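*Asks:* Contents of run_15.tsv (TSV, C-alpha atoms) are below:
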```tsv
chain	number	residue	atom	x	y	z
A	221	MET	CA	-57.96	126.67	-156.72
A	222	GLU	CA	-60.30	129.64	-156.40
A	223	THR	CA	-58.46	130.84	-153.31
A	224	GLY	CA	-55.14	130.69	-155.15
A	225	THR	CA	-56.58	132.69	-158.05
A	226	LYS	CA	-57.86	135.35	-155.69
A	227	GLY	CA	-54.45	135.56	-154.04
A	228	MET	CA	-52.74	136.01	-157.41
A	229	ARG	CA	-55.21	138.73	-158.34
A	230	ALA	CA	-54.62	140.51	-155.04
A	231	ARG	CA	-50.85	140.43	-155.51
A	232	ALA	CA	-51.21	141.66	-159.08
A	233	ALA	CA	-53.43	144.50	-157.90
A	234	VAL	CA	-50.85	145.54	-155.28
A	235	VAL	CA	-48.05	145.52	-157.86
A	236	LEU	CA	-50.17	147.57	-160.26
A	237	LEU	CA	-50.98	150.13	-157.59
A	238	LEU	CA	-47.31	150.49	-156.68
A	239	LEU	CA	-46.34	150.97	-160.32
A	240	LEU	CA	-49.07	153.55	-160.82
A	241	ALA	CA	-48.07	155.32	-157.62
A	242	GLY	CA	-44.50	155.59	-158.82
A	243	ARG	CA	-45.62	157.14	-162.10
A	244	MET	CA	-48.04	159.54	-160.41
A	245	TRP	CA	-45.92	160.75	-157.51
A	246	GLY	CA	-42.17	160.24	-157.75
A	247	GLN	CA	-39.98	162.67	-155.78
A	248	GLY	CA	-38.97	160.86	-152.65
A	249	VAL	CA	-35.83	159.09	-151.53
A	250	ALA	CA	-37.02	155.56	-152.35
A	251	GLY	CA	-37.18	153.67	-155.64
A	252	THR	CA	-35.87	154.40	-159.10
A	253	ALA	CA	-38.32	157.30	-159.54
A	254	GLY	CA	-37.48	158.85	-156.17
A	255	GLY	CA	-35.38	161.72	-157.47
A	256	LEU	CA	-34.01	162.79	-154.06
A	257	GLU	CA	-30.74	161.68	-152.50
A	258	PRO	CA	-31.08	159.67	-149.27
A	259	ARG	CA	-29.17	161.34	-146.42
A	260	PHE	CA	-29.43	158.29	-144.16
A	261	LEU	CA	-30.01	154.56	-144.54
A	262	VAL	CA	-31.65	153.77	-141.18
A	263	ASP	CA	-29.43	155.62	-138.70
A	264	VAL	CA	-26.02	155.96	-140.37
A	265	PRO	CA	-25.38	158.88	-142.74
A	266	THR	CA	-24.70	158.68	-146.46
A	267	ALA	CA	-22.98	161.22	-148.70
A	268	GLY	CA	-26.43	162.30	-149.93
A	269	MET	CA	-27.27	166.01	-149.81
A	270	LEU	CA	-30.24	168.31	-149.94
A	271	ASP	CA	-30.15	170.55	-153.00
A	272	LYS	CA	-29.65	174.27	-152.47
A	273	GLY	CA	-32.99	175.85	-151.60
A	274	THR	CA	-34.53	172.55	-150.42
A	275	TYR	CA	-35.68	171.76	-146.89
A	276	ALA	CA	-36.57	168.44	-145.27
A	277	LEU	CA	-38.77	167.64	-142.29
A	278	ASP	CA	-37.99	164.36	-140.51
A	279	VAL	CA	-40.05	162.60	-137.85
A	280	ASP	CA	-38.95	159.40	-136.09
A	281	PHE	CA	-41.30	157.26	-133.99
A	282	TYR	CA	-39.39	154.84	-131.77
A	283	GLN	CA	-39.65	152.71	-128.62
A	284	ASP	CA	-41.19	153.95	-125.35
A	285	GLY	CA	-43.51	156.33	-127.19
A	286	GLY	CA	-40.56	158.33	-128.48
A	287	VAL	CA	-40.83	161.00	-131.16
A	288	LEU	CA	-37.94	162.90	-132.73
A	289	PHE	CA	-38.50	165.97	-134.92
A	290	GLY	CA	-35.92	167.45	-137.27
A	291	ILE	CA	-35.63	170.10	-139.95
A	292	SER	CA	-32.73	170.49	-142.38
A	293	ALA	CA	-32.06	172.81	-145.30
A	294	GLY	CA	-29.71	172.97	-148.26
A	295	ILE	CA	-27.85	176.25	-147.70
A	296	LEU	CA	-25.47	175.94	-150.66
A	297	ASP	CA	-25.03	173.37	-153.42
A	298	ARG	CA	-22.77	171.28	-151.19
A	299	LEU	CA	-23.70	172.47	-147.70
A	300	SER	CA	-26.67	171.68	-145.47
A	301	PHE	CA	-27.62	172.47	-141.87
A	302	GLY	CA	-30.27	171.08	-139.56
A	303	ILE	CA	-31.61	170.94	-136.02
A	304	SER	CA	-33.59	168.25	-134.19
A	305	TYR	CA	-35.29	167.66	-130.85
A	306	GLY	CA	-37.61	165.16	-129.23
A	307	GLY	CA	-38.13	162.82	-126.32
A	308	SER	CA	-39.51	159.56	-125.00
A	309	LYS	CA	-43.04	158.87	-123.70
A	310	LEU	CA	-44.54	161.60	-125.85
A	311	ILE	CA	-47.07	159.00	-127.01
A	312	GLY	CA	-48.96	156.98	-124.42
A	313	SER	CA	-49.03	157.29	-120.64
A	314	GLY	CA	-46.36	158.61	-118.34
A	315	SER	CA	-44.54	161.90	-118.10
A	316	PRO	CA	-42.53	162.86	-121.21
A	317	GLU	CA	-38.76	162.57	-120.93
A	318	MET	CA	-37.24	165.13	-123.26
A	319	ASN	CA	-33.76	165.04	-124.72
A	320	GLU	CA	-31.17	167.08	-122.86
A	321	ILE	CA	-30.69	169.73	-125.57
A	322	PRO	CA	-31.55	170.17	-129.26
A	323	ALA	CA	-29.07	168.55	-131.64
A	324	ILE	CA	-27.49	170.05	-134.74
A	325	ASN	CA	-26.19	168.56	-137.95
A	326	VAL	CA	-23.94	170.07	-140.60
A	327	ARG	CA	-22.87	168.34	-143.79
A	328	ILE	CA	-20.61	169.33	-146.67
A	329	ARG	CA	-19.88	167.28	-149.78
A	330	VAL	CA	-16.21	167.58	-150.61
A	331	PHE	CA	-16.20	165.34	-153.70
A	332	GLU	CA	-18.95	164.60	-156.20
A	333	GLU	CA	-19.46	161.04	-157.44
A	334	SER	CA	-17.82	160.09	-160.75
A	335	MET	CA	-17.76	156.95	-162.87
A	336	VAL	CA	-14.84	155.66	-160.80
A	337	PHE	CA	-14.85	157.45	-157.45
A	338	PRO	CA	-17.58	157.75	-154.81
A	339	ALA	CA	-19.13	160.91	-153.46
A	340	ILE	CA	-17.53	161.91	-150.16
A	341	ALA	CA	-19.12	164.03	-147.44
A	342	LEU	CA	-17.86	165.36	-144.12
A	343	GLY	CA	-20.10	166.42	-141.31
A	344	PHE	CA	-21.11	166.68	-137.69
A	345	ASP	CA	-24.31	165.32	-136.14
A	346	SER	CA	-25.01	165.43	-132.40
A	347	GLN	CA	-28.35	163.62	-132.66
A	348	GLY	CA	-28.40	160.12	-131.15
A	349	LYS	CA	-31.28	157.69	-131.58
A	350	ASP	CA	-33.86	155.72	-129.61
A	351	GLY	CA	-34.02	157.96	-126.57
A	352	TYR	CA	-31.73	159.91	-124.26
A	353	MET	CA	-30.46	158.12	-121.13
A	354	LYS	CA	-29.95	160.87	-118.56
A	355	ASP	CA	-28.32	158.62	-115.98
A	356	GLN	CA	-25.59	157.72	-118.49
A	357	ASP	CA	-25.43	161.07	-120.29
A	358	ARG	CA	-25.85	159.51	-123.74
A	359	TYR	CA	-28.39	158.35	-126.30
A	360	ARG	CA	-29.24	154.66	-126.48
A	361	VAL	CA	-27.59	154.70	-129.91
A	362	LYS	CA	-24.79	157.24	-129.80
A	363	SER	CA	-24.81	160.23	-132.11
A	364	PRO	CA	-22.36	160.10	-135.02
A	365	GLY	CA	-20.51	163.22	-133.91
A	366	PHE	CA	-17.84	164.03	-136.50
A	367	PHE	CA	-18.08	161.76	-139.54
A	368	ALA	CA	-16.75	161.11	-143.03
A	369	VAL	CA	-18.72	158.94	-145.44
A	370	ALA	CA	-18.38	157.74	-149.04
A	371	SER	CA	-21.27	156.66	-151.28
A	372	LYS	CA	-21.24	154.95	-154.69
A	373	ASN	CA	-24.20	154.12	-156.92
A	374	TYR	CA	-24.46	151.37	-159.53
A	375	THR	CA	-27.05	150.36	-162.10
A	376	LEU	CA	-28.25	146.85	-161.22
A	377	MET	CA	-31.87	146.01	-162.01
A	378	GLY	CA	-32.63	149.53	-160.88
A	379	TYR	CA	-30.07	151.09	-158.55
A	380	PHE	CA	-27.73	149.60	-155.99
A	381	SER	CA	-25.69	151.83	-153.71
A	382	ILE	CA	-23.03	151.13	-151.10
A	383	HIS	CA	-21.96	153.42	-148.28
A	384	GLY	CA	-19.20	153.38	-145.72
A	385	GLY	CA	-17.60	155.72	-143.26
A	386	VAL	CA	-16.00	156.51	-139.93
A	387	ASN	CA	-17.22	158.65	-137.05
A	388	TYR	CA	-16.13	160.00	-133.68
A	389	SER	CA	-18.96	160.60	-131.20
A	390	LEU	CA	-18.74	163.22	-128.45
A	391	GLU	CA	-20.85	161.02	-126.16
A	392	ARG	CA	-17.98	159.68	-124.06
A	393	ALA	CA	-19.25	159.65	-120.46
A	394	ASP	CA	-19.08	155.84	-120.57
A	395	ASP	CA	-15.28	156.06	-121.08
A	396	ASP	CA	-15.47	154.46	-124.53
A	397	ARG	CA	-13.85	157.04	-126.81
A	398	ASP	CA	-12.92	154.90	-129.80
A	399	ILE	CA	-13.36	155.91	-133.42
A	400	ASN	CA	-16.23	153.96	-134.99
A	401	VAL	CA	-16.81	152.43	-138.43
A	402	PHE	CA	-20.08	151.84	-140.29
A	403	ALA	CA	-21.27	150.52	-143.66
A	404	GLY	CA	-24.52	149.89	-145.49
A	405	ALA	CA	-26.32	149.36	-148.77
A	406	GLU	CA	-29.55	150.25	-150.56
A	407	LYS	CA	-31.34	148.39	-153.37
A	408	THR	CA	-34.27	149.86	-155.26
A	409	ILE	CA	-37.24	147.60	-156.03
A	410	GLY	CA	-39.33	149.25	-158.72
A	411	PRO	CA	-40.13	152.95	-158.94
A	412	ILE	CA	-41.04	153.71	-155.31
A	413	LEU	CA	-39.55	151.01	-153.06
A	414	SER	CA	-36.07	150.55	-151.59
A	415	LEU	CA	-34.55	148.03	-149.21
A	416	VAL	CA	-31.81	149.31	-146.90
A	417	ALA	CA	-29.42	147.62	-144.49
A	418	GLU	CA	-26.58	148.93	-142.36
A	419	TYR	CA	-24.06	147.75	-139.82
A	420	ASN	CA	-22.70	150.10	-137.19
A	421	ILE	CA	-19.71	148.20	-135.79
A	422	GLY	CA	-20.11	149.94	-132.43
A	423	MET	CA	-16.41	150.23	-131.67
A	424	ASN	CA	-17.29	153.24	-129.50
A	425	ASP	CA	-19.91	151.30	-127.53
A	426	ASN	CA	-18.28	148.09	-126.33
A	427	SER	CA	-16.00	148.89	-123.39
A	428	GLY	CA	-15.87	150.84	-120.16
A	429	ASN	CA	-19.42	151.51	-118.97
A	430	ALA	CA	-20.90	151.25	-122.47
A	431	ILE	CA	-24.22	149.44	-122.95
A	432	GLY	CA	-23.16	147.61	-126.11
A	433	LYS	CA	-22.25	143.91	-125.96
A	434	GLY	CA	-19.61	144.07	-128.70
A	435	ARG	CA	-21.88	142.83	-131.50
A	436	GLY	CA	-22.47	146.15	-133.20
A	437	TYR	CA	-25.84	147.45	-134.41
A	438	LEU	CA	-27.41	145.69	-137.41
A	439	ASN	CA	-30.42	147.50	-138.86
A	440	ALA	CA	-32.63	146.89	-141.90
A	441	GLY	CA	-35.66	148.60	-143.36
A	442	LEU	CA	-38.03	149.32	-146.20
A	443	LYS	CA	-38.64	152.77	-147.67
A	444	ILE	CA	-41.55	153.77	-149.89
A	445	THR	CA	-42.12	157.04	-151.72
A	446	LEU	CA	-45.68	158.12	-150.94
A	447	GLY	CA	-45.60	161.14	-153.23
A	448	SER	CA	-44.96	164.86	-153.45
A	449	GLY	CA	-41.73	164.66	-151.47
A	450	LEU	CA	-43.06	162.32	-148.77
A	451	THR	CA	-41.23	159.10	-147.90
A	452	LEU	CA	-42.17	156.46	-145.31
A	453	GLY	CA	-39.55	154.22	-143.74
A	454	VAL	CA	-40.19	151.17	-141.56
A	455	SER	CA	-37.16	149.63	-139.84
A	456	MET	CA	-36.03	146.83	-137.57
A	457	LYS	CA	-33.09	147.95	-135.46
A	458	ASP	CA	-30.50	146.20	-133.35
A	459	ILE	CA	-31.35	142.84	-134.88
A	460	VAL	CA	-28.38	141.17	-133.14
A	461	LYS	CA	-29.53	142.50	-129.73
A	462	ASN	CA	-26.40	144.48	-128.98
A	463	GLY	CA	-27.81	147.30	-126.90
A	464	GLY	CA	-30.69	146.04	-124.81
A	465	ASP	CA	-33.09	143.32	-123.72
A	466	ILE	CA	-35.31	142.97	-126.78
A	467	THR	CA	-37.25	140.02	-128.18
A	468	VAL	CA	-36.76	140.48	-131.92
A	469	ALA	CA	-35.71	144.03	-132.80
A	470	ASN	CA	-36.68	147.62	-132.18
A	471	ARG	CA	-39.38	148.61	-134.65
A	472	THR	CA	-39.29	152.23	-135.77
A	473	VAL	CA	-41.12	154.42	-138.27
A	474	HIS	CA	-39.60	157.37	-140.10
A	475	LEU	CA	-41.38	160.06	-142.12
A	476	GLU	CA	-39.46	162.42	-144.38
A	477	TYR	CA	-40.92	165.34	-146.32
A	478	ALA	CA	-38.69	167.32	-148.68
A	479	ARG	CA	-39.64	170.43	-150.61
A	480	SER	CA	-38.07	173.45	-152.32
A	481	PHE	CA	-38.36	176.83	-150.63
```
As a first step, turn the structure in this file into structure tokens.
*Replies:*
Amino acid sequence: METGTKGMRARAAVVLLLLLAGRMWGQGVAGTAGGLEPRFLVDVPTAGMLDKGTYALDVDFYQDGGVLFGISAGILDRLSFGISYGGSKLIGSGSPEMNEIPAINVRIRVFEESMVFPAIALGFDSQGKDGYMKDQDRYRVKSPGFFAVASKNYTLMGYFSIHGGVNYSLERADDDRDINVFAGAEKTIGPILSLVAEYNIGMNDNSGNAIGKGRGYLNAGLKITLGSGLTLGVSMKDIVKNGGDITVANRTVHLEYARSF
């Protein structure tokens, strides 16, 4: 009985700390008090934008000691630009294997969200994920390339948002040049937490010499606003084991820091 009481107290203390943190910090992309629009779920883009005069620093930690650095900025009210670069084996032993070239991303929001219609954004992003495979001239998870995405938010015990889009990657050395489709959702849990899930159908990674097995890429994660523009994301990727020999899923960590100029 005493053990159960201690457990209840511990859970209550955690909940209290999270609630206090949300009131103290805010300004992240997670939770009802986040205040910033998420630009990605796990890997797939949303119609979210950086405000004019705001910059964001992104760091991904992924398999094989990989680290990916990115910086983006809101140039105009509906236009942002960014650049990213990284490589595998930057953490741990072995010689680092850097990406072939830096990647760029450009995003413009063509329609704002209304009561009826979603926000719609168009863009280009040449940054793939989970490491560059030089022998196949592609990233393990292909870059979006040209994309169009729609996002709609609803009030449901906090916020619930759905996202969907199409993309055409320029990584086509595997002879799979199909247009791809993706979708996802986010649900806030209190002021600083959000659950996210996405499904990249992988239509451009299932034929020719592609590494995909035709199952698509199912990813899920948890985001928490740590404060002052800092958000931590922890994700499980490729849950259905589409793109490699993995036991459970690829575990990744994402840090995002956003600030006004």
*Asks:* Name the closest residue to Glu317 (chain A) among the candidates A:Leu299, A:Met335, A:Ala370, A:Leu288; distances are taken between atoms, counting all atoms listed in the file.
*Replies:*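 Closest residue, counting all atoms listed in the file: A:Leu288.
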*Asks:* Taking all atoms of region 432-444 of chain A that appear in the file, build a box with edges along x, y and z, extend it by 3 Å on every side, and state its centre and edge lengths in Å to one decimal, as lines of an AutoDock Vina configuration file.
*Replies:*
```
center_x = -30.6
center_y = 148.3
center_z = -137.9
size_x = 27.9
size_y = 16.9
size_z = 29.9
```
*Asks:* Which residues come within 9 Å of Lys309 (chain A), counting all atoms listed in the file, excluding same-chain residues fewer than 4 positions away, as a ChimeraX atom specification?
*Replies:* /A:283-287,313-318
*Asks:* Between A:Ala339, A:Ile412, A:Ile311, A:Arg329, single out the one closest to Leu296 (chain A), counting all atoms listed in the file.
*Replies:*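 For Leu296 (chain A), the nearest of the given residues is A:Arg329.
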*Asks:* Have a look at A:Thr445, A:Asn319, A:Thr252, A:Asn429 and name the one nearest to Tyr379 (chain A); count all atoms listed in the file.
*Replies:*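 The shortest atom-to-atom distance to Tyr379 (chain A) comes from A:Thr252.
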*Asks:* For Arg259 (chain A), which residue among A:Ile444, A:Ile324, A:Ala403, A:Ala341 is the nearest when counting all atoms listed in the file?
*Replies:*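 Looking only at the distances to Arg259 (chain A), the closest residue turns out to be A:Ala341.
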*Asks:* Which residue out of A:Ser389, A:Ser304, A:Asn439, A:Asn373 has the minimum interatomic distance to Phe344 (chain A) when all atoms listed in the file are used?
*Replies:* A:Ser389
*Asks:* Would you please work out which residue, of A:Thr472, A:Asn325, A:Ser363, A:Thr408, is nearest to Ala253 (chain A) when using all atoms listed in the file?
*Replies:*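 Ranking A:Thr472, A:Asn325, A:Ser363, A:Thr408 by distance to Ala253 (chain A), first place goes to A:Thr408.
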*Asks:* Would you kindly return, as a PyMOL selection string, each protein, DNA or RNA residue with an atom no farther than 10 Å from any atom of Ile321 (chain A), considering only C-alpha atoms and excluding same-chain residues fewer than 5 positions away?
*Replies:* chain A and resi 304-306+346-347+352
*Asks:* Go ahead and dump the residues you just picked, C-alpha atoms, as a tab-separated table (two decimals), keeping the file's coordinate frame.
*Replies:*
```tsv
chain	number	residue	atom	x	y	z
A	304	SER	CA	-33.59	168.25	-134.19
A	305	TYR	CA	-35.29	167.66	-130.85
A	306	GLY	CA	-37.61	165.16	-129.23
A	346	SER	CA	-25.01	165.43	-132.40
A	347	GLN	CA	-28.35	163.62	-132.66
A	352	TYR	CA	-31.73	159.91	-124.26
```
*Asks:* Take CA of Phe289 (chain A) and CA of Glu320 (chain A) and report the distance between them in Å, one decimal.
*Replies:*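 Interatomic distance, CA of Phe289 (chain A) to CA of Glu320 (chain A): 14.2 Å.
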*Asks:* For CA of Thr274 (chain A) and CA of Val369 (chain A), quote the distance in Å rounded to one decimal.
*Replies:*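 Atom-to-atom, CA of Thr274 (chain A) to CA of Val369 (chain A), that is 21.4 Å.
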*Asks:* Could you name the residues that touch Gly432 (chain A) at 12 Å or less, counting only C-alpha atoms, but leaving out those on the same chain fewer than 6 positions away, as an NGL selection string?
*Replies:* :A and (359-362 or 394 or 396 or 420-426 or 458 or 460-465)
*Asks:* Between CA of Ala293 (chain A) and CA of Val336 (chain A), what is the spacing in Å?
*Replies:* 28.8 Å
*Asks:* Determine, counting only C-alpha atoms, which protein, DNA and RNA residues have an atom within 8 Å of an atom of Ile459 (chain A); residues of the same chain fewer than 2 positions away are not included. Present the result as a PyMOL selection string.
*Replies:* chain A and resi 437-439+456-457+461-462+468-470
*Asks:* So that I can check the surroundings of Leu261 (chain A), please list as a ChimeraX atom specification every protein, DNA and RNA residue that reaches within 12 Å of it, counting all atoms listed in the file and ignoring chain neighbours fewer than 2 positions away.
*Replies:* /A:249-250,257-259,263-268,371,381-384,402-407,414-420,438-443,453-455,457,474
